[in-house]
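Notes follow once the structure below has been shown.
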Amino acid sequence: MPYCPKCGVELDYRVKNCPLCTFPVPKTTEENEFFLEESKFPEAENIYYEKILKVKNQIFFTLSILIFSAVFILMAINSFINISQYAIKYSIISVISSWFYVFLLFGYIKNHYYSILGMGITTFCLTFGLDYVDYNVTWCYSHALPIIILSIIISFFLLYLYNRSKFKNQFIFIPSHLCVGISLFSIGLEYILNHQSNRPIKFTWSLIVSIVLMSTALLLISLYYRLPDKLKEKIKSKLHI
Amino acid sequence: MLGLVIYMKQKSKTWYRLDNAGKLYPSITSTRVSTVFRVSATLYKLIKPDILQEALTNIIDSFPYYKVNLKRGLFWYYYEHTENYPTVQKETFYPCMFMLYKRKKSFPFRVLYYRNKISIEISHSITDGTGVITFLQSLLIEYFGLLGVKTGLKHVLDKEEAEDAFLRYYRKGIPLPPKLKKAFHFPFPLNSKGEYNIITGIIPVDTIIAMAKHHNASLTQFLLALYLDTIQEYIHQNNIKKLYPVVMNVPVNLRKFFPSKTMRNFFISITPQLDFRLGIYSFDEILNYIRGHMEMSINKKHFNQHIHKNIKNEKSFFIRLTPLFIKNMLMPTLYNKYAERNYTTSISNLGPITMPKSIESLIERFEFYPPPSRGNIIKAGVISYRDKIYISFGSLTKATEIEKIFFRKIRRMNIPVKIETNRE
């Protein structure tokens with residue numbers, strides 16, 4: 001009978017590594033037993049992801065039909081009824097981009113960084129389309145593009161932080177990371193808006209938002225780590241009565 | 001008119017309220033919290049699926065409370081009798097996986113076969129370990145009967161089997177038991193959804209009972225102390241600083257204390273706990289504590305308190321009037337807050353299984369796998385048959401630290417252990 005030399009437990013002939021400590025099991029002289037012994041468990045299938053994918057595909061297919069029907073209906077309305085062309089074009093562009101959003105949100109792209117990038121590209125195409133309806137690009141490059149790039153960079157940063165801390169307390173880390181993300185975004189947004197409007201670069205409302213959110217994040221994280229001893233001592237010495 | 005009345009009477013199906021413990025389970029069921037547990041029997045010969053199907057069809061009518069489909073009411077789920085018959089299936093998935101028993105025409109259990117093994121996986125909403133053992137015993141007796149082995153014993157339906165014994169023994173005006181606080185949880189990453197790992201240790205029952213007696217303890221007390229000692233060793237080995245008390249959930253079969261033939265849920269959990277922040281406990285100290293705790297907890301007065309607590313919630317006017325869809329939304333969070341969060345792990349001992357003499361030697365073993373749970377990612381199930389005891393750890397994580405320390409401790413006592421697993 002094979003044994004694990006580390007755990008001292010008896011094992012099945014079919015087992016190559018000890019199930020308890022993963023130590024390689026030394027071969028025994030009774031090799032023939034390996035062929036005689038049958039596995040106690042079937043080769044288990046995990047149908048969870050298959051089932052989820054099936055349901056997801058069904059929902060996505062239904063939504064796709066609805067979205068493209070909406071596009072055709074809008075195009076038909078455009079050709080038969082005399083209403084504002086702009087309204088129809090805005091609607092068609094929005095409906096088409098919603099299909100891309102649904103595609104990305106359903107997680108068909110496994111890598112989350114690519115999904116975020118896809119969201120950014122879709123948003124840029126949407127804003128470009130909306131701006132280009134009157135064949136005159138005005139706010140898309142100056143305002144939308146920098147804001148989209150800023151959002152993508154901050155989302156990448158948040159995703160990186162989430163991946164690093166996903167096995168820690170999520171009630172602490174997700175809200176604190178979100179606070180940091182929103183503060184950075186509000187500072188960036190105010191900068192872009194001021195810069196594009198040729199106003200002097202001043203941080204007003206974004207500073208208030210950042211101070212509040214950054215302090216919340218700091219509070220949450222320090223609560224989690226319960227402040228380092230050095231800092232505790234310093235606070236004690238400064239504030240002792 | 002009379003014809004219509006007769007027709008309506010024929011049409012109206014028998015229905016069962018879910019018992020007190022079972023009421024909770026359909027609302028908290030999810031992919032990772034399947035609330036499905038397994039009891040299996042391994043024979044010495046290959047299973048004949050057609051005979052097994054025939055055996056199941058023959059016995060199911062004597063268990064009418066299992067021949068049911070789950071239905072939604074406005075305020076509670078309920079089980080409705082069905083004229084359909086369950087079918088046996090070849091085992092292909094991980095053990096104790098989620099069961100779509102809320103679907104129409106689905107039974108709250110499945111009978112599986114694989115090579116020499118017959119398994120019953122059943123939702124905790126309909127029965128506990130004792131109920132399913134009786135069901136499996138009847139299935140095996142019928143199976144061997146069809147193969148020509150005479151046993152002379154067949155399950156005969158008793159009206160009392162369908163009762164909610166919690167309600168029968170409920171006494172008003174008893175103070176509630178003290179509330180539990182947050183317990184220590186294993187910090188292991190979870191498996192992918194749909195996967196459940198089992199590690200079973202097979203140990204000669206005489207040797208381990210002798211060791212338990214040597215320590216002046218029962219088998220359950222001994223295993224419980226060993227498990228607590230394992231967790232203590234894990235905490236100290238890994239230098240875990242953020243600690244909470246280690247709380248064990250130990251289900252106790254109430255039928256031994258409150259006479260009932262019920263085949264539905266009738267158990268409560270006792271919760272021995274140790275706080276390892278207080279220092280290192282020796283094995284004898286742990287065992288002394290367990291012995292004392294069990295002596296204090298395993299008595300009618302203590303059980304009455306818990307029955308009172310459970311039924312009080314069920315009888316609450318506010319809870320009864322809350323629509324089912326709201327219960328379904330709130331229950332997983334409440335269950336986590338008031339139950340899973342307050343336990344570290346659980347160990348459930350179904351005890352020794354006996355079979356009629358004529359078929360005893362045709363069955364190699366029985367095994368019991370506990371239901372997977374997101375809150376308590378490692379649980380243990382114990383069962384013994386003839387000269388062996390089978391300790392199965394069901395785990396939703398790839399980490400095997402706990403099982404490793406536990407079985408190594410047994411080996412250090414010079415007790416032989418054989419390990420089997422479904423891990424690759």
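Letters for chains follow the order of the structure tokens (A, B, ...), residue numbers begin at 1 for each chain, and ligand numbers begin at 1 in the order shown.
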Next item on the list: Write out as a ChimeraX atom specification the residues lying within 9 Å of A:Phe173, counting only C-alpha atoms and excluding same-chain residues fewer than 2 positions away.
Entry: /A:161-162,165-166,168-171,175-178,217,220-221,224
May I have the selected residues written with N, CA and C atoms, as a tab-separated table (two decimals), in the first residue's frame?
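Generated output (part.tsv):
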```tsv
chain	number	residue	atom	x	y	z
A	161	LEU	N	-5.91	47.94	-7.69
A	161	LEU	CA	-6.01	47.92	-6.22
A	161	LEU	C	-6.94	46.80	-5.76
A	162	TYR	N	-8.07	46.63	-6.49
A	162	TYR	CA	-9.04	45.58	-6.11
A	162	TYR	C	-8.38	44.20	-6.19
A	165	SER	N	-6.22	43.49	-3.28
A	165	SER	CA	-6.81	43.38	-1.93
A	165	SER	C	-8.07	42.53	-1.90
A	166	LYS	N	-8.28	41.70	-2.95
A	166	LYS	CA	-9.59	41.03	-3.01
A	166	LYS	C	-9.78	39.95	-1.94
A	168	LYS	N	-8.82	40.47	1.12
A	168	LYS	CA	-8.91	41.17	2.41
A	168	LYS	C	-10.36	41.58	2.63
A	169	ASN	N	-10.58	42.35	3.67
A	169	ASN	CA	-11.94	42.75	4.01
A	169	ASN	C	-12.53	43.68	2.94
A	170	GLN	N	-13.52	43.17	2.20
A	170	GLN	CA	-14.05	43.95	1.08
A	170	GLN	C	-14.94	45.11	1.53
A	171	PHE	N	-15.47	45.01	2.76
A	171	PHE	CA	-16.30	46.11	3.26
A	171	PHE	C	-15.44	47.34	3.57
A	175	PRO	N	-15.00	50.28	-0.50
A	175	PRO	CA	-15.41	51.69	-0.31
A	175	PRO	C	-14.22	52.64	-0.26
A	176	SER	N	-13.11	52.22	0.40
A	176	SER	CA	-11.99	53.17	0.49
A	176	SER	C	-11.35	53.38	-0.87
A	177	HIS	N	-11.24	52.33	-1.68
A	177	HIS	CA	-10.68	52.50	-3.03
A	177	HIS	C	-11.60	53.36	-3.89
A	178	LEU	N	-12.90	53.17	-3.73
A	178	LEU	CA	-13.85	53.99	-4.50
A	178	LEU	C	-13.71	55.46	-4.12
A	217	ALA	N	-11.57	57.44	3.31
A	217	ALA	CA	-10.74	56.29	2.92
A	217	ALA	C	-9.66	56.04	3.95
A	220	LEU	N	-11.13	54.53	7.10
A	220	LEU	CA	-11.48	53.11	6.92
A	220	LEU	C	-10.23	52.24	6.97
A	221	ILE	N	-9.20	52.66	6.23
A	221	ILE	CA	-7.99	51.84	6.15
A	221	ILE	C	-7.27	51.82	7.50
A	224	TYR	N	-8.94	49.51	9.74
A	224	TYR	CA	-8.62	48.11	9.42
A	224	TYR	C	-7.25	47.73	9.99
```
Could the residues of chain B that have an atom at most 7 Å from chain A be listed as CSV, each with its closest atom pair and the distance in Å to one decimal, counting only C-alpha atoms and ordered by chain and ascending residue number?
```
residue,atom,partner,partner_atom,distance
B:Glu91,CA,A:Pro42,CA,6.8
B:Thr92,CA,A:Ala44,CA,5.4
B:Phe93,CA,A:Ala44,CA,4.6
B:Tyr94,CA,A:Ala44,CA,5.3
B:Lys193,CA,A:Tyr48,CA,6.6
B:Gly194,CA,A:Tyr48,CA,5.4
B:Glu195,CA,A:Asn46,CA,6.6
B:Thr400,CA,A:Leu20,CA,5.7
B:Glu403,CA,A:Leu20,CA,6.6
B:Lys404,CA,A:Leu20,CA,4.9
B:Arg408,CA,A:Cys7,CA,5.6
B:Arg411,CA,A:Gly8,CA,6.6
B:Val417,CA,A:Val9,CA,5.3
B:Lys418,CA,A:Glu10,CA,4.4
B:Ile419,CA,A:Leu11,CA,5.4
B:Glu420,CA,A:Leu11,CA,6.7
B:Thr421,CA,A:Pro19,CA,6.9
B:Asn422,CA,A:Phe41,CA,5.9
```
Write a file of the selected residues as a compact mmCIF listing (two decimals), in the first residue's frame, keeping N, CA and C atoms.
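After the write, selection.txt holds the following:
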```
# COMPACT_ATOMS: atom_id res chain seq x y z
N GLU B 91 -23.75 9.36 -11.46
CA GLU B 91 -23.07 10.49 -10.82
C GLU B 91 -22.05 11.08 -11.78
N THR B 92 -22.16 12.39 -12.02
CA THR B 92 -21.20 13.04 -12.92
C THR B 92 -20.64 14.33 -12.33
N PHE B 93 -21.30 14.88 -11.33
CA PHE B 93 -20.87 16.18 -10.82
C PHE B 93 -20.12 16.04 -9.50
N TYR B 94 -19.64 17.16 -9.00
CA TYR B 94 -19.04 17.17 -7.66
C TYR B 94 -20.13 16.82 -6.64
N LYS B 193 -16.98 28.29 -8.43
CA LYS B 193 -18.34 27.84 -8.14
C LYS B 193 -18.57 26.47 -8.80
N GLY B 194 -19.33 25.63 -8.13
CA GLY B 194 -19.64 24.31 -8.70
C GLY B 194 -18.64 23.24 -8.33
N GLU B 195 -17.62 23.59 -7.51
CA GLU B 195 -16.62 22.59 -7.09
C GLU B 195 -16.71 22.37 -5.59
N THR B 400 -5.59 22.56 2.19
CA THR B 400 -5.83 21.31 2.93
C THR B 400 -5.17 21.33 4.31
N GLU B 403 -7.29 19.66 7.26
CA GLU B 403 -7.37 18.20 7.14
C GLU B 403 -6.01 17.58 7.45
N LYS B 404 -4.94 18.23 6.94
CA LYS B 404 -3.58 17.70 7.14
C LYS B 404 -3.25 17.63 8.63
N ARG B 408 -2.88 14.10 10.72
CA ARG B 408 -1.53 13.86 11.25
C ARG B 408 -1.59 13.68 12.77
N ARG B 411 -2.60 10.18 13.34
CA ARG B 411 -1.48 9.28 13.04
C ARG B 411 -0.46 9.27 14.18
N VAL B 417 -4.60 5.52 9.42
CA VAL B 417 -5.57 6.33 8.67
C VAL B 417 -5.36 6.08 7.18
N LYS B 418 -6.46 5.84 6.46
CA LYS B 418 -6.36 5.79 5.00
C LYS B 418 -7.10 7.00 4.44
N ILE B 419 -6.47 7.68 3.50
CA ILE B 419 -7.07 8.91 2.96
C ILE B 419 -7.59 8.66 1.54
N GLU B 420 -8.80 9.14 1.31
CA GLU B 420 -9.37 9.11 -0.05
C GLU B 420 -9.89 10.50 -0.37
N THR B 421 -9.85 10.85 -1.64
CA THR B 421 -10.27 12.21 -2.00
C THR B 421 -10.83 12.26 -3.42
N ASN B 422 -11.60 13.30 -3.68
CA ASN B 422 -12.05 13.53 -5.06
C ASN B 422 -11.22 14.63 -5.69
```
Note to self: Going by DSSP on the backbone, which residues of stretch 73-288 of chain B come out as strand (DSSP E)? List them as a PyMOL selection string.
What the structure shows: chain B and resi 77-81+88-90+109-114+117-123+197-204+246-253+267-270+273-274
A:Leu66 surroundings by only C-alpha atoms, 12 Å radius, close-in-sequence under 5 positions cut, as a tab-separated table (two decimals) with N, CA and C atoms, in the first residue's frame:
```
chain	number	residue	atom	x	y	z
A	59	ILE	N	-30.13	35.78	-22.75
A	59	ILE	CA	-30.50	37.17	-22.43
A	59	ILE	C	-29.86	38.12	-23.46
A	60	PHE	N	-28.58	37.85	-23.78
A	60	PHE	CA	-27.87	38.74	-24.71
A	60	PHE	C	-28.51	38.68	-26.10
A	61	PHE	N	-28.89	37.49	-26.50
A	61	PHE	CA	-29.53	37.32	-27.82
A	61	PHE	C	-30.85	38.10	-27.86
A	71	VAL	N	-33.34	49.87	-33.81
A	71	VAL	CA	-32.61	50.62	-34.85
A	71	VAL	C	-33.41	50.63	-36.15
A	72	PHE	N	-33.93	49.45	-36.53
A	72	PHE	CA	-34.70	49.38	-37.78
A	72	PHE	C	-35.97	50.22	-37.70
A	73	ILE	N	-36.63	50.17	-36.53
A	73	ILE	CA	-37.86	50.97	-36.36
A	73	ILE	C	-37.53	52.46	-36.50
A	95	VAL	N	-28.67	53.84	-29.30
A	95	VAL	CA	-29.14	52.44	-29.24
A	95	VAL	C	-28.03	51.49	-29.67
A	96	ILE	N	-27.31	51.86	-30.75
A	96	ILE	CA	-26.22	50.98	-31.22
A	96	ILE	C	-25.13	50.87	-30.15
A	98	SER	N	-25.47	51.18	-27.03
A	98	SER	CA	-25.96	50.41	-25.88
A	98	SER	C	-25.70	48.91	-26.09
A	99	TRP	N	-25.75	48.46	-27.35
A	99	TRP	CA	-25.45	47.05	-27.64
A	99	TRP	C	-24.01	46.71	-27.23
```
Checklist line | Shell around A:Tyr113 at 8 Å using only C-alpha atoms, local window under 2 positions removed, as a VMD selection string | finding: chain A and resid 111 115 to 117 156 159
For the selection just defined, write its residues with C-alpha atoms to a file, as a short mmCIF file (atom, residue, chain, number, x, y, z; two decimals), in the first residue's frame.
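What follows is the written file part-v9.cif:
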```cif
data_model
loop_
_atom_site.label_atom_id
_atom_site.label_comp_id
_atom_site.auth_asym_id
_atom_site.auth_seq_id
_atom_site.Cartn_x
_atom_site.Cartn_y
_atom_site.Cartn_z
CA ASN A 111 -9.77 40.35 -19.11
CA SER A 115 -13.34 45.44 -20.85
CA ILE A 116 -12.59 48.85 -19.33
CA LEU A 117 -10.69 49.82 -22.48
CA PHE A 156 -7.31 50.68 -14.31
CA LEU A 159 -8.98 47.45 -10.70
#
```
Next item on the list: Write down as a VMD selection string the residues belonging to stretch 31-233 of chain A that are assigned helix (DSSP H, G or I) by DSSP computed on the backbone.
Entry: chain A and resid 32 to 36 48 to 80 85 to 105 112 to 132 139 to 165 170 to 196 205 to 225 229 to 233
Could you pull the residues within 9 Å of B:Glu314, counting only C-alpha atoms, minus those fewer than 4 positions along the same chain, as an mmCIF file with C-alpha atoms, in the first residue's frame?
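Below you can see around-v8.cif, which holds the result:
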```cif
data_model
loop_
_atom_site.group_PDB
_atom_site.id
_atom_site.type_symbol
_atom_site.label_atom_id
_atom_site.label_comp_id
_atom_site.auth_asym_id
_atom_site.auth_seq_id
_atom_site.Cartn_x
_atom_site.Cartn_y
_atom_site.Cartn_z
ATOM 1 C CA ASN B 20 -39.250 24.582 11.477
ATOM 2 C CA LYS B 23 -38.312 26.615 6.322
ATOM 3 C CA LYS B 309 -36.199 30.184 20.053
ATOM 4 C CA ASN B 310 -36.715 28.597 16.624
ATOM 5 C CA ILE B 319 -42.374 37.169 10.003
ATOM 6 C CA ARG B 320 -45.450 35.166 8.975
#
```
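A straight line drawn from atom CA of B:Lys172 to atom CA of B:His308 is 6.8 Å long.
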Check: Any idea what the distance is between atom CA of B:Gly22 and atom CA of B:Val39?
Finding: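 Atom-to-atom, atom CA of B:Gly22 to atom CA of B:Val39, that is 18.1 Å.
All residues of protein, DNA or RNA that reach within 12 Å of B:Thr322, judged by only C-alpha atoms and not counting those fewer than 5 positions away in the chain, are Gly73, Leu74, Phe75, Trp76, Glu314, Lys315, Ser316, Phe317, Lys327, Asn328, Met329, Leu330 and Met331 of chain B.
If only C-alpha atoms are the atoms counted, then among B:Ser282, B:Asn288, B:Ser392, B:Thr230 the closest residue to B:Leu350 is B:Ser392.
Counting only C-alpha atoms, B:Asp61 has the following residues at most 10 Å away, ignoring those fewer than 6 positions along the same chain: Lys67, Glu83, Tyr85 and Leu157 of chain B.
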Notebook entry, point to check: Restricting the calculation to only C-alpha atoms, which member of B:Tyr289, B:Tyr196, B:Tyr169, B:Phe283 is positioned closest to B:Phe258?
Noted result: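 Counting only C-alpha atoms, the residue closest to B:Phe258 is B:Tyr169.
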